[in-house]
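Here's the structure, in structure tokens; my notes come after.
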Amino acid sequence: MKKYYLMLLPLILFVAACEKLEQEPESTANKSAVFGSENGLKLYSNSFYQMLPRHNNGPTTLDAMSDYLAVKSVPTFIQENAFAPSNSSGWTWGDLRNINYFIQNNNDPDVPAEVRQHYMGLARFFRAYFYFEKVKRFGDVPWIGKPLDVTDPALYNARDPRTLVMDSVLADINYACANIRSPLDATRSTITRDVAFGFKSRIALFEGTFRKYHTQLNLQSTAAAWLNEAASSAKVLMDKKTYSINTAGGPGNSYRLVFTSPQPLANEVLLASTADLALNALHDANWWWTSGTYGAKASFTRTFINTYLNIDGTPFTNNPAYPTMLFKDEVKNRDLRLKQTIRSGDYKRINGGVQIAAPPLFSYTFTGYQPIKWTLDDMLYDTRDLNINSVALMRYAEILLNYAEAKAELNTLTDAEWATTVGTLRARGGITGGLSTKPTFVDPYLVANYFPGISDATILEVRRDRGIELSLEGLRFSDILRWKRGPLMSMEWNGFYVPALNTPMDLNEDGVRDVLFFSGTRPAAIAGVTFVDVSPKIGNAINSQQLKNGTSGELIWMNEISRKWNDKQYFYPIPQTDLLRNPKLGQNPGW
């Protein structure tokens, strides 16, 4: 998408600064110069792409607010009594003005109808994208289908019902699916018809499950229709057989290659944000994930890591010894996606052209489960924005999971469909069992820790794989919202098991001691060993890093800061200033 990030619209100098509904855009360009040719329509539509996540504000960091990552500071939104309408944001409308202006004026008969319909499809794709994000954040929002004049009384209307807005979103994305000309783009950097179908499956799955589980909306009777839309749009892409799950690199590397490749892997990636060294269009994933100060120092929790299956397809937590299993042992014989997601085992980095062992480094992790999914192994990328790997925004793996989940929620997923969706993803991870038939075993660990209201084994296992396969891709918080599992956000941030204090641990079994945990007086230095203070207090302050049982047990991070979820948090509050400007908007319940 670098072309579009760098390309400004010289003919259009309005709209971008108009963030509030009542602001008036001004144009200094002649409309016919913009809307009277295909080139003009193309230039204008390029401006829409700036709405998409980019390298440094996209999937590589969005999961910093999720249930499965411990970070260096608790997000205000999930701290008890810490967030209010005065903190809220996101009630911005400049992008919608830009889109609606295009839709209203894309009617020049000198441009062939097919061309106009294609670009109208792009505009309506982005309007669907815009409104989907608004509904996820705020719930009911005003539906505005045209650019409004500053004197238009509609500027101060109340919000429209969710049903009206989402029906309009569905109409827009259906139009995009029917009218965008190009089925795919070799660079994977533009919106194509395939991307529209993929995005439709994402929208419809969210809406269908949200309506099913948020019973207070009284929309359960409409959930199945949305779930069918999700399944049918995903099936369009599955039936084309254009895409597949990447297996190049073998089971031990094929998954991670999707995230470290400079160019998007075209067999699996539908849409990506690409880097370009020549244009200095790079990103900072290494810096964010391998810095103790710049990034969030985000680390997976042990509760989530426990959900990775054994290589034979059985739950890891079936082993009664798992609670006290050491890190070096618990990462063995597991779904191979685990070793491609966190530092473990024989993971190595490159320093000055030389491979070096790279166990979890407690300068950069709180829990010991240190992510590597988005980072490049060469340490030269660790400083500032130097990453050259492409960032996938939509993958075929998500399409398969969308299909599997929608069908599972409808109770219509067959064994054959399980095999071609979740079974295929697990096979890439080297898993050998349970690939061809739907699960029948209800994993008590998943029920107890994640989904206490779910007794359907297939739904549970689809959710397990969605969490694992799509981890760190910016979708987790949305999943928690639609499943109505907000309480997961208040889960304990726990790390690996430490058997004793003052005992150096070799985390990767290379014969080199890596880390030692102590309480009270710091022991004498040991060459190459990182010392971690887990004292209950350091001075007069509570120490955020402790062991669960004091002298042994799981690592615990930031237990002293209260995290509490209330039902009101399924929607953000309308920002205070916007509500004062238009009281008809009303505030979301509880805020």
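Note on naming: chains are A, B, ... as they come in the structure tokens, residues start from 1 per chain, ligands start from 1 in the order shown.
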
Helix (DSSP H, G or I) call set, DSSP backbone run, region 163-254 of chain A, as a tab-separated table (two decimals) with N, CA and C atoms, in the first residue's frame:
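As written to disk, result.tsv reads:
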chain	number	residue	atom	x	y	z
A	163	THR	N	-29.53	-2.20	13.89
A	163	THR	CA	-30.05	-2.99	12.78
A	163	THR	C	-30.04	-2.19	11.49
A	164	LEU	N	-30.44	-0.93	11.54
A	164	LEU	CA	-30.44	-0.10	10.34
A	164	LEU	C	-29.02	0.09	9.82
A	165	VAL	N	-28.11	0.40	10.72
A	165	VAL	CA	-26.73	0.67	10.29
A	165	VAL	C	-26.09	-0.58	9.71
A	166	MET	N	-26.25	-1.72	10.38
A	166	MET	CA	-25.60	-2.94	9.90
A	166	MET	C	-26.27	-3.48	8.63
A	167	ASP	N	-27.56	-3.27	8.46
A	167	ASP	CA	-28.18	-3.62	7.18
A	167	ASP	C	-27.59	-2.77	6.06
A	168	SER	N	-27.31	-1.52	6.36
A	168	SER	CA	-26.70	-0.63	5.36
A	168	SER	C	-25.26	-1.05	5.08
A	169	VAL	N	-24.55	-1.47	6.10
A	169	VAL	CA	-23.19	-1.99	5.91
A	169	VAL	C	-23.23	-3.23	5.02
A	170	LEU	N	-24.17	-4.11	5.26
A	170	LEU	CA	-24.29	-5.31	4.44
A	170	LEU	C	-24.60	-4.96	2.98
A	171	ALA	N	-25.46	-3.97	2.78
A	171	ALA	CA	-25.77	-3.54	1.41
A	171	ALA	C	-24.52	-3.00	0.72
A	172	ASP	N	-23.72	-2.23	1.46
A	172	ASP	CA	-22.50	-1.67	0.88
A	172	ASP	C	-21.50	-2.77	0.52
A	173	ILE	N	-21.28	-3.72	1.44
A	173	ILE	CA	-20.27	-4.74	1.15
A	173	ILE	C	-20.77	-5.70	0.07
A	174	ASN	N	-22.07	-5.91	-0.02
A	174	ASN	CA	-22.61	-6.72	-1.12
A	174	ASN	C	-22.38	-6.03	-2.46
A	175	TYR	N	-22.56	-4.71	-2.48
A	175	TYR	CA	-22.32	-3.97	-3.71
A	175	TYR	C	-20.85	-4.09	-4.11
A	176	ALA	N	-19.96	-3.98	-3.12
A	176	ALA	CA	-18.53	-4.09	-3.41
A	176	ALA	C	-18.20	-5.47	-3.98
A	177	CYS	N	-18.76	-6.51	-3.39
A	177	CYS	CA	-18.51	-7.87	-3.89
A	177	CYS	C	-18.99	-8.06	-5.33
A	178	ALA	N	-20.06	-7.37	-5.67
A	178	ALA	CA	-20.64	-7.54	-7.00
A	178	ALA	C	-19.99	-6.67	-8.06
A	179	ASN	N	-19.35	-5.58	-7.67
A	179	ASN	CA	-18.94	-4.58	-8.67
A	179	ASN	C	-17.45	-4.29	-8.75
A	193	ARG	N	-12.02	-7.85	-5.35
A	193	ARG	CA	-13.30	-8.52	-5.09
A	193	ARG	C	-13.12	-9.62	-4.04
A	194	ASP	N	-11.99	-10.33	-4.09
A	194	ASP	CA	-11.74	-11.37	-3.10
A	194	ASP	C	-11.63	-10.79	-1.70
A	195	VAL	N	-10.94	-9.67	-1.57
A	195	VAL	CA	-10.83	-9.02	-0.26
A	195	VAL	C	-12.21	-8.61	0.24
A	196	ALA	N	-13.06	-8.14	-0.67
A	196	ALA	CA	-14.41	-7.74	-0.27
A	196	ALA	C	-15.18	-8.94	0.29
A	197	PHE	N	-15.08	-10.09	-0.38
A	197	PHE	CA	-15.74	-11.29	0.15
A	197	PHE	C	-15.15	-11.69	1.50
A	198	GLY	N	-13.83	-11.58	1.62
A	198	GLY	CA	-13.20	-11.92	2.89
A	198	GLY	C	-13.64	-10.99	4.01
A	199	PHE	N	-13.72	-9.71	3.69
A	199	PHE	CA	-14.14	-8.74	4.70
A	199	PHE	C	-15.61	-8.94	5.06
A	200	LYS	N	-16.40	-9.31	4.08
A	200	LYS	CA	-17.81	-9.59	4.37
A	200	LYS	C	-17.92	-10.74	5.37
A	201	SER	N	-17.10	-11.77	5.21
A	201	SER	CA	-17.15	-12.89	6.15
A	201	SER	C	-16.77	-12.43	7.55
A	202	ARG	N	-15.82	-11.49	7.65
A	202	ARG	CA	-15.41	-10.97	8.96
A	202	ARG	C	-16.54	-10.16	9.60
A	203	ILE	N	-17.15	-9.28	8.81
A	203	ILE	CA	-18.26	-8.46	9.32
A	203	ILE	C	-19.41	-9.35	9.78
A	204	ALA	N	-19.82	-10.27	8.93
A	204	ALA	CA	-21.02	-11.07	9.20
A	204	ALA	C	-20.80	-12.01	10.38
A	205	LEU	N	-19.59	-12.56	10.52
A	205	LEU	CA	-19.32	-13.42	11.68
A	205	LEU	C	-19.39	-12.60	12.96
A	206	PHE	N	-18.82	-11.41	12.94
A	206	PHE	CA	-18.89	-10.55	14.13
A	206	PHE	C	-20.34	-10.27	14.49
A	207	GLU	N	-21.11	-9.85	13.50
A	207	GLU	CA	-22.48	-9.43	13.79
A	207	GLU	C	-23.36	-10.61	14.20
A	208	GLY	N	-23.17	-11.74	13.54
A	208	GLY	CA	-23.98	-12.91	13.88
A	208	GLY	C	-23.73	-13.40	15.29
A	209	THR	N	-22.46	-13.51	15.68
A	209	THR	CA	-22.16	-13.99	17.03
A	209	THR	C	-22.47	-12.92	18.07
A	210	PHE	N	-22.28	-11.66	17.74
A	210	PHE	CA	-22.62	-10.59	18.68
A	210	PHE	C	-24.12	-10.65	19.01
A	211	ARG	N	-24.92	-10.80	17.99
A	211	ARG	CA	-26.37	-10.86	18.22
A	211	ARG	C	-26.77	-12.14	18.97
A	212	LYS	N	-26.07	-13.22	18.73
A	212	LYS	CA	-26.41	-14.48	19.40
A	212	LYS	C	-26.11	-14.42	20.89
A	213	TYR	N	-24.96	-13.88	21.24
A	213	TYR	CA	-24.53	-13.94	22.64
A	213	TYR	C	-24.90	-12.70	23.45
A	215	THR	N	-27.67	-11.20	24.38
A	215	THR	CA	-29.11	-11.41	24.37
A	215	THR	C	-29.89	-10.17	24.77
A	216	GLN	N	-29.23	-9.22	25.46
A	216	GLN	CA	-29.94	-8.02	25.88
A	216	GLN	C	-30.38	-7.16	24.69
A	217	LEU	N	-29.79	-7.41	23.51
A	217	LEU	CA	-30.18	-6.67	22.31
A	217	LEU	C	-31.50	-7.16	21.73
A	220	GLN	N	-31.43	-12.11	18.83
A	220	GLN	CA	-30.99	-13.48	18.61
A	220	GLN	C	-31.64	-14.11	17.38
A	221	SER	N	-32.86	-13.74	17.10
A	221	SER	CA	-33.58	-14.34	15.97
A	221	SER	C	-32.98	-13.96	14.63
A	222	THR	N	-32.17	-12.91	14.60
A	222	THR	CA	-31.54	-12.47	13.35
A	222	THR	C	-30.10	-12.96	13.22
A	223	ALA	N	-29.58	-13.63	14.25
A	223	ALA	CA	-28.17	-14.04	14.25
A	223	ALA	C	-27.87	-15.03	13.14
A	224	ALA	N	-28.77	-16.00	12.93
A	224	ALA	CA	-28.51	-17.06	11.95
A	224	ALA	C	-28.33	-16.50	10.54
A	225	ALA	N	-29.11	-15.48	10.19
A	225	ALA	CA	-28.99	-14.90	8.85
A	225	ALA	C	-27.59	-14.33	8.64
A	226	TRP	N	-27.06	-13.67	9.66
A	226	TRP	CA	-25.71	-13.11	9.55
A	226	TRP	C	-24.67	-14.23	9.50
A	227	LEU	N	-24.85	-15.26	10.29
A	227	LEU	CA	-23.90	-16.38	10.26
A	227	LEU	C	-23.91	-17.07	8.91
A	228	ASN	N	-25.06	-17.18	8.30
A	228	ASN	CA	-25.13	-17.75	6.95
A	228	ASN	C	-24.41	-16.86	5.94
A	229	GLU	N	-24.53	-15.55	6.10
A	229	GLU	CA	-23.80	-14.62	5.23
A	229	GLU	C	-22.30	-14.81	5.39
A	230	ALA	N	-21.85	-15.00	6.63
A	230	ALA	CA	-20.42	-15.21	6.89
A	230	ALA	C	-19.94	-16.48	6.20
A	231	ALA	N	-20.70	-17.55	6.36
A	231	ALA	CA	-20.30	-18.83	5.77
A	231	ALA	C	-20.31	-18.77	4.25
A	232	SER	N	-21.34	-18.17	3.68
A	232	SER	CA	-21.46	-18.17	2.21
A	232	SER	C	-20.38	-17.32	1.57
A	233	SER	N	-20.04	-16.18	2.18
A	233	SER	CA	-18.99	-15.35	1.57
A	233	SER	C	-17.62	-16.00	1.71
A	234	ALA	N	-17.35	-16.67	2.84
A	234	ALA	CA	-16.11	-17.41	2.97
A	234	ALA	C	-16.05	-18.56	1.96
A	235	LYS	N	-17.18	-19.20	1.75
A	235	LYS	CA	-17.24	-20.34	0.83
A	235	LYS	C	-16.92	-19.93	-0.60
A	236	VAL	N	-17.28	-18.70	-0.98
A	236	VAL	CA	-16.94	-18.21	-2.32
A	236	VAL	C	-15.44	-18.31	-2.54
A	237	LEU	N	-14.66	-17.88	-1.55
A	237	LEU	CA	-13.20	-17.91	-1.67
A	237	LEU	C	-12.67	-19.34	-1.58
A	238	MET	N	-13.26	-20.15	-0.74
A	238	MET	CA	-12.81	-21.54	-0.63
A	238	MET	C	-13.04	-22.29	-1.93
A	239	ASP	N	-14.18	-22.06	-2.56
A	239	ASP	CA	-14.51	-22.78	-3.79
A	239	ASP	C	-13.65	-22.35	-4.97
A	240	LYS	N	-13.15	-21.12	-4.93
A	240	LYS	CA	-12.29	-20.65	-6.02
A	240	LYS	C	-10.98	-21.41	-6.09
A	254	SER	N	6.74	-22.95	8.25
A	254	SER	CA	5.80	-22.45	7.23
A	254	SER	C	4.81	-21.44	7.80

Residues within 10 Å of Ser45 (chain A), only C-alpha atoms, excluding chain neighbours under 6 positions, as a list in words: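 Result of the neighbour search: Tyr4, Leu9, Asn39, Asn98, Ile99, Phe102, Tyr119, Met120, Leu122, Ala123 and Phe126 of chain A.
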
Neighbour list for region 434-439 of chain A as a count of residues only, cut-off 10 Å, only C-alpha atoms, skip fewer than 2 positions in-chain: 31

Among listed residues A:Leu326, A:Leu470, A:Ile180, A:Ile388, nearest Leu507 (chain A) (using only C-alpha atoms):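 When distances to Leu507 (chain A) are compared using only C-alpha atoms, the smallest one comes from A:Leu326.
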
Non-local contacts of Leu472 (chain A) (8 Å; only C-alpha atoms; under 4 positions in same chain excluded) as number ranges by chain: A: 59-63, 373, 476

Output of the above residues as a short mmCIF file (atom, residue, chain, number, x, y, z; two decimals), in the first residue's frame, restricted to all heavy atoms:
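out_32.cif, written as the output of this step:
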data_model
loop_
_atom_site.label_atom_id
_atom_site.label_comp_id
_atom_site.auth_asym_id
_atom_site.auth_seq_id
_atom_site.Cartn_x
_atom_site.Cartn_y
_atom_site.Cartn_z
N PRO A 59 -1.86 -4.63 12.84
CA PRO A 59 -1.92 -5.90 13.55
C PRO A 59 -0.73 -6.20 14.44
O PRO A 59 -0.85 -6.94 15.41
CB PRO A 59 -2.01 -6.93 12.41
CG PRO A 59 -2.59 -6.18 11.27
CD PRO A 59 -2.05 -4.79 11.39
N THR A 60 0.45 -5.65 14.13
CA THR A 60 1.64 -6.03 14.90
C THR A 60 1.57 -5.58 16.35
O THR A 60 2.29 -6.12 17.19
CB THR A 60 2.92 -5.44 14.26
OG1 THR A 60 2.84 -4.01 14.25
CG2 THR A 60 3.10 -5.96 12.84
N THR A 61 0.72 -4.60 16.67
CA THR A 61 0.67 -4.09 18.05
C THR A 61 -0.73 -4.01 18.63
O THR A 61 -0.87 -3.76 19.83
CB THR A 61 1.30 -2.68 18.12
OG1 THR A 61 0.55 -1.79 17.27
CG2 THR A 61 2.75 -2.69 17.67
N LEU A 62 -1.79 -4.21 17.84
CA LEU A 62 -3.15 -3.98 18.31
C LEU A 62 -3.55 -4.89 19.46
O LEU A 62 -4.39 -4.53 20.29
CB LEU A 62 -4.15 -4.14 17.16
CG LEU A 62 -4.22 -2.98 16.17
CD1 LEU A 62 -5.20 -3.30 15.05
CD2 LEU A 62 -4.62 -1.68 16.86
N ASP A 63 -2.97 -6.09 19.54
CA ASP A 63 -3.35 -7.01 20.60
C ASP A 63 -2.73 -6.66 21.95
O ASP A 63 -2.87 -7.43 22.91
CB ASP A 63 -3.01 -8.45 20.22
CG ASP A 63 -4.09 -9.08 19.36
OD1 ASP A 63 -5.14 -8.44 19.16
OD2 ASP A 63 -3.89 -10.21 18.87
N LYS A 373 6.53 -13.67 16.58
CA LYS A 373 5.74 -13.84 15.35
C LYS A 373 6.01 -12.76 14.32
O LYS A 373 6.09 -13.05 13.12
CB LYS A 373 4.25 -13.88 15.72
CG LYS A 373 3.32 -14.12 14.55
CD LYS A 373 1.92 -14.47 15.02
CE LYS A 373 0.93 -14.56 13.90
NZ LYS A 373 -0.40 -15.03 14.33
N ARG A 476 -8.15 -10.15 18.42
CA ARG A 476 -8.56 -10.82 19.65
C ARG A 476 -9.59 -10.02 20.45
O ARG A 476 -10.57 -10.59 20.94
CB ARG A 476 -7.33 -11.07 20.53
CG ARG A 476 -7.63 -11.82 21.82
CD ARG A 476 -8.12 -13.24 21.56
NE ARG A 476 -8.23 -14.00 22.80
CZ ARG A 476 -8.54 -15.29 22.88
NH1 ARG A 476 -8.78 -15.97 21.77
NH2 ARG A 476 -8.62 -15.90 24.04
#

Separation of CA of Val512 (chain A) from CA of Glu330 (chain A), in Å and rounded to one decimal: 18.6 Å

Long-range neighbours of region 255-270 of chain A as number ranges by chain, 7 Å cut-off, only C-alpha atoms, 2 positions minimum in chain: A: 188, 195, 243-246, 253, 272, 274, 337, 340, 373-376, 388-392, 394-396

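The shell of residues at most 10 Å from Glu38 (chain A), with only C-alpha atoms counted and near chain neighbours (fewer than 5 positions) removed, consists of Leu43, Tyr44, Asp110, Val111, Pro112, Val115, Arg116 and Tyr119 of chain A.
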
Expected file: the selected residues, N, CA and C atoms, as an mmCIF file, in the first residue's frame:
data_model
loop_
_atom_site.group_PDB
_atom_site.id
_atom_site.type_symbol
_atom_site.label_atom_id
_atom_site.label_comp_id
_atom_site.auth_asym_id
_atom_site.auth_seq_id
_atom_site.Cartn_x
_atom_site.Cartn_y
_atom_site.Cartn_z
ATOM 1 N N LEU A 43 -7.358 8.239 -8.702
ATOM 2 C CA LEU A 43 -6.612 9.092 -7.781
ATOM 3 C C LEU A 43 -7.418 9.378 -6.520
ATOM 4 N N TYR A 44 -8.679 9.678 -6.703
ATOM 5 C CA TYR A 44 -9.523 9.974 -5.544
ATOM 6 C C TYR A 44 -9.637 8.735 -4.649
ATOM 7 N N ASP A 110 -19.631 10.563 -19.028
ATOM 8 C CA ASP A 110 -18.483 10.396 -19.915
ATOM 9 C C ASP A 110 -17.591 9.226 -19.496
ATOM 10 N N VAL A 111 -17.745 8.788 -18.272
ATOM 11 C CA VAL A 111 -16.990 7.625 -17.786
ATOM 12 C C VAL A 111 -17.873 6.389 -17.953
ATOM 13 N N PRO A 112 -17.375 5.327 -18.562
ATOM 14 C CA PRO A 112 -18.201 4.128 -18.772
ATOM 15 C C PRO A 112 -18.804 3.625 -17.453
ATOM 16 N N VAL A 115 -16.820 1.238 -15.303
ATOM 17 C CA VAL A 115 -15.719 1.872 -14.568
ATOM 18 C C VAL A 115 -16.263 2.561 -13.319
ATOM 19 N N ARG A 116 -17.345 3.321 -13.488
ATOM 20 C CA ARG A 116 -17.937 4.007 -12.337
ATOM 21 C C ARG A 116 -18.386 3.012 -11.273
ATOM 22 N N TYR A 119 -15.383 1.724 -9.183
ATOM 23 C CA TYR A 119 -14.904 2.662 -8.167
ATOM 24 C C TYR A 119 -15.973 2.947 -7.118
#

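Between Tyr364 (chain A) and the candidates A:Val71, A:Arg581, A:Ser86, A:Gly590, the tightest atom-to-atom separation, counting only C-alpha atoms, involves A:Val71.
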
For Trp288 (chain A), the nearest of the candidates A:Asp140, A:Asp385, A:Glu114, A:Asp335, counting only C-alpha atoms: A:Asp385

Residue list (strand (DSSP E), DSSP) for region 228-435 of chain A, as a PyMOL selection string: chain A and resi 269-273+299-300+348-351+354-357+391-395

Nearest candidate to Asp378 (chain A) (options A:Asn157, A:Asn30, A:Gln355, A:Thr365; using only C-alpha atoms):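 For Asp378 (chain A), the nearest of the given residues is A:Gln355.
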
CA of Pro142 (chain A) to CA of Met489 (chain A), straight-line distance in Å: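 Separation between CA of Met489 (chain A) and CA of Pro142 (chain A): 28.9 Å.
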
Among the residues A:Thr151, A:Thr192, A:Gln587, A:Ser273, the one that comes closest to His118 (chain A) [using only C-alpha atoms]: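 For His118 (chain A), the nearest of the given residues is A:Thr192.
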